[in-house]
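Chemist: Got a structure for you, written out below as C-alpha cells; questions coming shortly.
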Amino acid sequence: TSRNGKETKSNYRVRVYQIPGKPEIVGPASELMAGVPNKVGTCVSEGGYPAGTLSWHLDGKTLIPDGKGVSVKEETRRHPETGLFTLHSELMVTPARGGAPQPTFSCSFSPSFPRRRALHTAPIQLSVWEPVPLDEVQLVVEPAGGAVPPGGTVTLTCETPVQPPPQIHWIKDGVPLPHPSSPVLLLPEVGPKDQGVYSCVATHRSHGPQESRAVSVSVIGSVEGPGLGTLALALGILGGLGTAALLVGVIVWHRRRRRGAERKAPENQEEEEEERAELNQPEEPEAAESSAGGP
C-alpha cells in the first residue's frame, strides 16, 4: 500500500521439494546365466516430490535400455494423501557369453530440482555362469564293464560339467530307482537282483532332463540271471495252465460218462422186467402135453 493508499499485488510461485529416502534394490538375483534374459532386481525409491527418475548402472556406467540385452520396466505411484511419489524400476539383462564373470549393478535416484546430487543404492555383485549342454553327461562304472563276482561292489558315477551341479536321478531297466539325488550310486554285495542296465538322468533348471548312456551290471558266474528268471517264470505259468486244462478235461469226461450211464439205466430196467415176466409165466400147457403123450 503506497502513501497515497493505492494497493498493488504481486504473485509469487513457491516450489516445495521433498527429498526421498535412499533407494534400494529389492529382490536381487543371486546369479545370472549367460545367453538368456535374467532379472537383476527391482530398484525402489519412496517419499519424493517431484517424482524424479531412476537409473541403472553396470560397473559404474549407465545402462541404456535397448529392448534386447537390457530392458527396464518402470512404474510410478503417487500417494493419495501426501502426494509423494514411489518409483519402481525392474532391470532385465542378458549377459553375453564370455563376458565379465562377476558384474556389479547399482541404481540411482535423480531428483527433478537443481543443485541436488543423485542418490545411489548399495552395489550388488552377481556371478555369471555359462551353461554347458547336458549331452556331455557321462556315466562311469567301476570296475570297468560292470562285471563283478557275487558279493562284489559296483560304483556308478554320473559326471557333468554343468555348474551349479544339476539334480541326478538313477534308472534301472527303464524304471526310476527310489534313491535320493546323488551323483554316485553304490551297489555293495552285488547279487542277481542287482543285475541290469543302469543310466543316470541330469536335470537342471535351465534345461530339460538329459539321460546318459546306459551301462550293464552283471555278476560273474551267476547261474540265474534276469533272463533265466523270466524264462523260468514263463515256463512255470505255462505248466500250471496246462495242468489246469488237463484237470478240467478229466472232470468233464467223468460227468459225461455218468450222464450216459444214468440214461442207460432205465432201458436196462425195462429189459429186466420183461425177462422176469417171461420167467414167471405158468407152465400148464407144457404139463398137459406131457400127460397126453404118456401111456
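Following the order of the C-alpha cells, first chain is A, next is B, and so on, with residues numbered from 1 inside each chain and ligands from 1 in the order they appear.
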Which polymer residues have any atom within 12 Å of an atom of His88 (chain A), counting only C-alpha atoms, with same-chain residues fewer than 3 positions away left out, as an MDAnalysis selection string?
Modeler: chainID A and resid 23:26 41:46 51:56 72:78 85 91 107:109
Chemist: May I ask for the distance between CA of Pro178 (chain A) and CA of Gly146 (chain A), given in Å to one decimal place?
Modeler: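 CA of Pro178 (chain A) sits 21.0 Å away from CA of Gly146 (chain A).
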Chemist: Provide the CA of Gln138 (chain A) to CA of Ala214 (chain A) distance in Å, to one decimal place.
Modeler: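 Between CA of Gln138 (chain A) and CA of Ala214 (chain A) the gap is 9.6 Å.
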Chemist: Which of these, A:Phe105, A:Gly35, A:Pro150, A:Ala29, has the shortest distance to Glu189 (chain A) once you count only C-alpha atoms?
Modeler: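 Ranked by minimum distance to Glu189 (chain A), first place goes to A:Pro150.
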Chemist: Quick check, in Å to one decimal: how far apart do CA of His120 (chain A) and CA of Gly60 (chain A) lie?
Modeler: 11.0 Å
Chemist: Using only C-alpha atoms, which residues sit within 9 Å of Gly98 (chain A) once same-chain residues fewer than 2 positions away are excluded, as a PyMOL selection string?
Modeler: chain A and resi 34+95-96+100-101+130
Chemist: Those same residues, written as a short mmCIF file (atom, residue, chain, number, x, y, z; two decimals), in the first residue's frame with N, CA, C and O atoms?
Modeler:
data_model
loop_
_atom_site.label_atom_id
_atom_site.label_comp_id
_atom_site.auth_asym_id
_atom_site.auth_seq_id
_atom_site.Cartn_x
_atom_site.Cartn_y
_atom_site.Cartn_z
N ALA A 34 24.43 -66.76 -18.64
CA ALA A 34 24.79 -66.13 -19.90
C ALA A 34 23.90 -66.63 -21.03
O ALA A 34 23.51 -67.80 -21.08
N PRO A 95 23.32 -61.42 -20.14
CA PRO A 95 24.79 -61.38 -20.19
C PRO A 95 25.31 -62.09 -21.43
O PRO A 95 24.80 -63.14 -21.83
N ALA A 96 26.32 -61.52 -22.03
CA ALA A 96 26.94 -62.13 -23.20
C ALA A 96 27.85 -63.27 -22.78
O ALA A 96 28.46 -63.24 -21.70
N ALA A 100 32.00 -60.52 -18.55
CA ALA A 100 32.52 -60.41 -17.20
C ALA A 100 31.90 -61.48 -16.32
O ALA A 100 30.67 -61.65 -16.31
N PRO A 101 32.70 -62.22 -15.56
CA PRO A 101 32.14 -63.30 -14.73
C PRO A 101 31.40 -62.80 -13.50
O PRO A 101 30.54 -63.49 -12.97
N GLU A 130 28.05 -69.88 -17.49
CA GLU A 130 27.63 -70.25 -18.84
C GLU A 130 27.20 -71.71 -18.85
O GLU A 130 27.97 -72.59 -18.45
#
Chemist: Might you pull out every residue within 8 Å of region 153-166 of chain A, with only C-alpha atoms counted and same-chain residues fewer than 3 positions away left off, and present them as a CSV table (one decimal) with all heavy atoms, in the first residue's frame?
Modeler:
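Result file follows (selection-v1.csv):
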chain,number,residue,atom,x,y,z
A,129,TRP,N,27.3,-67.5,-14.9
A,129,TRP,CA,27.9,-68.8,-15.4
A,129,TRP,C,27.3,-69.2,-16.7
A,129,TRP,O,26.2,-68.8,-17.0
A,129,TRP,CB,27.6,-69.9,-14.3
A,129,TRP,CG,26.1,-70.1,-14.0
A,129,TRP,CD1,25.4,-69.5,-13.1
A,129,TRP,CD2,25.3,-71.1,-14.7
A,129,TRP,NE1,24.1,-69.9,-13.1
A,129,TRP,CE2,24.0,-70.9,-14.1
A,129,TRP,CE3,25.4,-72.0,-15.7
A,129,TRP,CZ2,22.9,-71.7,-14.4
A,129,TRP,CZ3,24.3,-72.8,-16.0
A,129,TRP,CH2,23.1,-72.6,-15.4
A,131,PRO,N,26.0,-72.0,-19.3
A,131,PRO,CA,25.5,-73.4,-19.3
A,131,PRO,C,26.3,-74.2,-20.3
A,131,PRO,O,26.6,-73.8,-21.4
A,131,PRO,CB,24.0,-73.2,-19.6
A,131,PRO,CG,23.9,-72.0,-20.4
A,131,PRO,CD,25.0,-71.1,-19.8
A,132,VAL,N,26.5,-75.5,-19.9
A,132,VAL,CA,27.1,-76.4,-20.8
A,132,VAL,C,26.1,-77.4,-21.2
A,132,VAL,O,25.3,-77.9,-20.4
A,132,VAL,CB,28.3,-77.2,-20.0
A,132,VAL,CG1,29.0,-78.2,-20.9
A,132,VAL,CG2,29.3,-76.1,-19.6
A,133,PRO,N,26.0,-77.8,-22.5
A,133,PRO,CA,25.0,-78.8,-22.9
A,133,PRO,C,25.1,-80.0,-22.1
A,133,PRO,O,26.1,-80.6,-21.9
A,133,PRO,CB,25.3,-79.0,-24.4
A,133,PRO,CG,26.1,-77.8,-24.8
A,133,PRO,CD,26.8,-77.3,-23.6
A,134,LEU,N,23.9,-80.5,-21.7
A,134,LEU,CA,23.8,-81.7,-20.9
A,134,LEU,C,24.1,-83.0,-21.6
A,134,LEU,O,24.0,-84.0,-21.1
A,134,LEU,CB,22.5,-81.7,-20.1
A,134,LEU,CG,22.3,-80.7,-19.0
A,134,LEU,CD1,20.9,-80.9,-18.4
A,134,LEU,CD2,23.4,-80.8,-18.0
A,136,GLU,N,26.7,-83.8,-22.6
A,136,GLU,CA,28.0,-84.3,-22.2
A,136,GLU,C,28.0,-85.1,-20.9
A,136,GLU,O,29.0,-85.3,-20.3
A,136,GLU,CB,28.9,-83.1,-22.0
A,136,GLU,CG,29.2,-82.3,-23.4
A,136,GLU,CD,30.2,-81.2,-23.2
A,136,GLU,OE1,30.8,-81.1,-22.1
A,136,GLU,OE2,30.3,-80.4,-24.2
A,137,VAL,N,26.8,-85.5,-20.4
A,137,VAL,CA,26.7,-86.3,-19.2
A,137,VAL,C,27.3,-87.6,-19.5
A,137,VAL,O,27.0,-88.3,-20.4
A,137,VAL,CB,25.2,-86.4,-18.8
A,137,VAL,CG1,25.1,-87.3,-17.6
A,137,VAL,CG2,24.6,-85.1,-18.5
A,138,GLN,N,28.2,-88.0,-18.6
A,138,GLN,CA,28.9,-89.3,-18.7
A,138,GLN,C,28.6,-90.2,-17.5
A,138,GLN,O,28.6,-89.7,-16.4
A,138,GLN,CB,30.4,-89.0,-18.8
A,138,GLN,CG,30.9,-88.2,-20.0
A,138,GLN,CD,30.6,-88.9,-21.3
A,138,GLN,OE1,30.7,-90.2,-21.4
A,138,GLN,NE2,30.4,-88.2,-22.4
A,139,LEU,N,28.5,-91.4,-17.7
A,139,LEU,CA,28.2,-92.4,-16.7
A,139,LEU,C,29.5,-93.3,-16.6
A,139,LEU,O,29.7,-94.1,-17.6
A,139,LEU,CB,27.0,-93.2,-16.9
A,139,LEU,CG,26.6,-94.3,-15.9
A,139,LEU,CD1,26.5,-93.7,-14.5
A,139,LEU,CD2,25.3,-95.0,-16.2
A,140,VAL,N,30.2,-93.3,-15.5
A,140,VAL,CA,31.4,-94.1,-15.3
A,140,VAL,C,31.1,-95.2,-14.3
A,140,VAL,O,30.5,-95.0,-13.3
A,140,VAL,CB,32.5,-93.2,-14.8
A,140,VAL,CG1,33.8,-94.1,-14.6
A,140,VAL,CG2,32.8,-92.1,-15.7
A,141,VAL,N,31.5,-96.5,-14.7
A,141,VAL,CA,31.2,-97.6,-13.9
A,141,VAL,C,32.6,-98.2,-13.4
A,141,VAL,O,33.5,-98.3,-14.2
A,141,VAL,CB,30.4,-98.7,-14.6
A,141,VAL,CG1,31.0,-99.1,-15.9
A,141,VAL,CG2,30.1,-99.9,-13.7
A,142,GLU,N,32.7,-98.6,-12.2
A,142,GLU,CA,33.8,-99.2,-11.6
A,142,GLU,C,33.4,-100.5,-10.9
A,142,GLU,O,32.5,-100.4,-10.0
A,142,GLU,CB,34.6,-98.3,-10.7
A,142,GLU,CG,35.2,-97.1,-11.3
A,142,GLU,CD,35.9,-96.2,-10.3
A,142,GLU,OE1,36.0,-96.6,-9.1
A,142,GLU,OE2,36.4,-95.1,-10.7
A,143,PRO,N,34.0,-101.6,-11.2
A,143,PRO,CA,35.1,-101.8,-12.2
A,143,PRO,C,34.6,-101.7,-13.6
A,143,PRO,O,33.4,-101.8,-13.8
A,143,PRO,CB,35.5,-103.3,-11.9
A,143,PRO,CG,34.3,-103.9,-11.3
A,143,PRO,CD,33.6,-102.9,-10.5
A,146,GLY,N,31.4,-103.3,-15.5
A,146,GLY,CA,30.3,-103.6,-14.6
A,146,GLY,C,30.2,-105.0,-14.2
A,146,GLY,O,29.1,-105.4,-13.7
A,148,VAL,N,31.2,-108.2,-11.9
A,148,VAL,CA,31.9,-108.5,-10.6
A,148,VAL,C,31.4,-109.9,-10.1
A,148,VAL,O,30.4,-110.4,-10.5
A,148,VAL,CB,31.5,-107.4,-9.5
A,148,VAL,CG1,32.1,-106.1,-9.9
A,148,VAL,CG2,30.0,-107.4,-9.3
A,183,PRO,N,25.2,-87.9,-7.3
A,183,PRO,CA,25.9,-88.2,-8.5
A,183,PRO,C,26.6,-89.6,-8.4
A,183,PRO,O,27.2,-90.1,-9.4
A,183,PRO,CB,27.0,-87.1,-8.5
A,183,PRO,CG,27.2,-86.7,-7.1
A,183,PRO,CD,25.8,-86.8,-6.5
A,184,VAL,N,26.5,-90.3,-7.2
A,184,VAL,CA,27.2,-91.6,-7.1
A,184,VAL,C,26.2,-92.6,-6.6
A,184,VAL,O,25.4,-92.3,-5.7
A,184,VAL,CB,28.4,-91.5,-6.1
A,184,VAL,CG1,29.0,-92.9,-5.9
A,184,VAL,CG2,29.4,-90.5,-6.5
A,185,LEU,N,26.1,-93.7,-7.3
A,185,LEU,CA,25.3,-94.9,-6.9
A,185,LEU,C,26.2,-96.0,-6.5
A,185,LEU,O,26.9,-96.5,-7.4
A,185,LEU,CB,24.3,-95.2,-8.0
A,185,LEU,CG,23.4,-96.4,-7.7
A,185,LEU,CD1,22.5,-96.1,-6.5
A,185,LEU,CD2,22.5,-96.7,-8.9
A,186,LEU,N,26.1,-96.5,-5.2
A,186,LEU,CA,27.0,-97.5,-4.8
A,186,LEU,C,26.1,-98.8,-4.6
A,186,LEU,O,25.1,-98.8,-4.0
A,186,LEU,CB,27.6,-97.2,-3.4
A,186,LEU,CG,28.6,-98.2,-2.8
A,186,LEU,CD1,29.8,-98.4,-3.7
A,186,LEU,CD2,29.0,-97.8,-1.4
A,187,LEU,N,26.6,-99.9,-5.2
A,187,LEU,CA,26.0,-101.2,-5.2
A,187,LEU,C,26.9,-102.2,-4.4
A,187,LEU,O,27.7,-102.8,-5.0
A,187,LEU,CB,25.6,-101.7,-6.6
A,187,LEU,CG,24.8,-100.9,-7.5
A,187,LEU,CD1,24.7,-101.5,-8.8
A,187,LEU,CD2,23.4,-100.6,-6.9
A,188,PRO,N,26.7,-102.3,-3.1
A,188,PRO,CA,27.5,-103.2,-2.3
A,188,PRO,C,26.9,-104.6,-2.3
A,188,PRO,O,25.7,-104.8,-2.5
A,188,PRO,CB,27.5,-102.6,-0.9
A,188,PRO,CG,26.2,-102.0,-0.8
A,188,PRO,CD,25.8,-101.5,-2.2
A,189,GLU,N,27.8,-105.6,-2.2
A,189,GLU,CA,27.4,-107.0,-2.2
A,189,GLU,C,26.4,-107.3,-3.3
A,189,GLU,O,25.3,-107.7,-3.1
A,189,GLU,CB,26.8,-107.4,-0.8
A,189,GLU,CG,27.7,-107.1,0.4
A,189,GLU,CD,27.1,-107.5,1.7
A,189,GLU,OE1,25.9,-107.9,1.7
A,189,GLU,OE2,27.7,-107.4,2.7
A,190,VAL,N,26.9,-107.2,-4.5
A,190,VAL,CA,26.1,-107.3,-5.7
A,190,VAL,C,25.6,-108.8,-5.8
A,190,VAL,O,26.4,-109.7,-5.7
A,190,VAL,CB,26.8,-106.9,-7.0
A,190,VAL,CG1,26.0,-107.2,-8.2
A,190,VAL,CG2,27.1,-105.4,-6.9
A,200,CYS,N,21.8,-92.6,-15.7
A,200,CYS,CA,21.5,-91.5,-14.8
A,200,CYS,C,20.9,-90.4,-15.6
A,200,CYS,O,21.1,-90.2,-16.8
A,200,CYS,CB,22.8,-91.0,-14.1
A,200,CYS,SG,24.0,-90.3,-15.2
A,202,ALA,N,20.3,-86.3,-15.6
A,202,ALA,CA,20.7,-85.0,-15.0
A,202,ALA,C,19.6,-83.9,-15.4
A,202,ALA,O,19.3,-83.8,-16.5
A,202,ALA,CB,22.1,-84.6,-15.5
A,203,THR,N,19.1,-83.2,-14.4
A,203,THR,CA,18.1,-82.2,-14.6
A,203,THR,C,18.6,-80.9,-14.0
A,203,THR,O,18.9,-80.8,-12.9
A,203,THR,CB,16.8,-82.6,-13.9
A,203,THR,OG1,16.4,-83.9,-14.4
A,203,THR,CG2,15.7,-81.6,-14.2
A,204,HIS,N,18.6,-79.9,-14.9
A,204,HIS,CA,19.0,-78.5,-14.5
A,204,HIS,C,17.8,-77.6,-14.8
A,204,HIS,O,17.0,-77.8,-15.7
A,204,HIS,CB,20.2,-78.0,-15.2
A,204,HIS,CG,20.9,-76.9,-14.6
A,204,HIS,ND1,20.5,-75.6,-14.9
A,204,HIS,CD2,21.9,-76.8,-13.7
A,204,HIS,CE1,21.3,-74.7,-14.2
A,204,HIS,NE2,22.1,-75.4,-13.5
A,205,ARG,N,17.7,-76.5,-14.0
A,205,ARG,CA,16.6,-75.6,-14.1
A,205,ARG,C,16.5,-74.9,-15.5
A,205,ARG,O,15.5,-74.5,-15.9
A,205,ARG,CB,16.7,-74.5,-13.0
A,205,ARG,CG,17.9,-73.6,-13.1
A,205,ARG,CD,18.0,-72.6,-12.0
A,205,ARG,NE,19.1,-71.7,-12.1
A,205,ARG,CZ,19.4,-70.8,-11.3
A,205,ARG,NH1,18.7,-70.7,-10.2
A,205,ARG,NH2,20.4,-70.0,-11.5
A,217,VAL,N,25.3,-104.0,-15.5
A,217,VAL,CA,25.9,-104.5,-14.3
A,217,VAL,C,25.6,-106.0,-14.3
A,217,VAL,O,24.4,-106.4,-14.4
A,217,VAL,CB,25.4,-103.8,-13.0
A,217,VAL,CG1,25.9,-104.5,-11.8
A,217,VAL,CG2,25.9,-102.4,-13.0
Chemist: So which residues of region 12-115 of chain A fall under strand (DSSP E or B) by DSSP, listed as a ChimeraX atom specification?
Modeler: /A:18,24-26,31-33,38-49,53-58,61-62,70-78,85-93,104-110
Chemist: Contacts of Thr94 (chain A) at 6 Å or less, counting only C-alpha atoms, minus same-chain residues fewer than 6 places along, as a PDB file with C-alpha atoms, in the first residue's frame?
Modeler:
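What landed in selection05.pdb:
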ATOM      1  CA  GLY A  35      22.802 -66.058 -23.119  1.00  0.00           C
ATOM      2  CA  VAL A  36      19.321 -65.796 -21.559  1.00  0.00           C
ATOM      3  CA  PRO A  37      17.331 -62.893 -20.005  1.00  0.00           C
ATOM      4  CA  GLY A  69      20.223 -57.191 -23.907  1.00  0.00           C
TER       5      GLY A  69
END
Chemist: Kindly indicate which residue among A:Lys61, A:Lys172, A:Arg13, A:Arg258 lies nearest to Val215 (chain A), using only C-alpha atoms for the distances.
Modeler: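 Checking each of A:Lys61, A:Lys172, A:Arg13, A:Arg258 against Val215 (chain A), counting only C-alpha atoms, the winner is A:Lys172.
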Chemist: With only C-alpha atoms as the counted atoms, please give the residues lying no more than 7 Å from Leu84 (chain A), apart from itself and same-chain residues fewer than 6 positions off, as a list in words.
Modeler: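 Those residues are Gly47, Gly48, Tyr49 and Arg78 of chain A.
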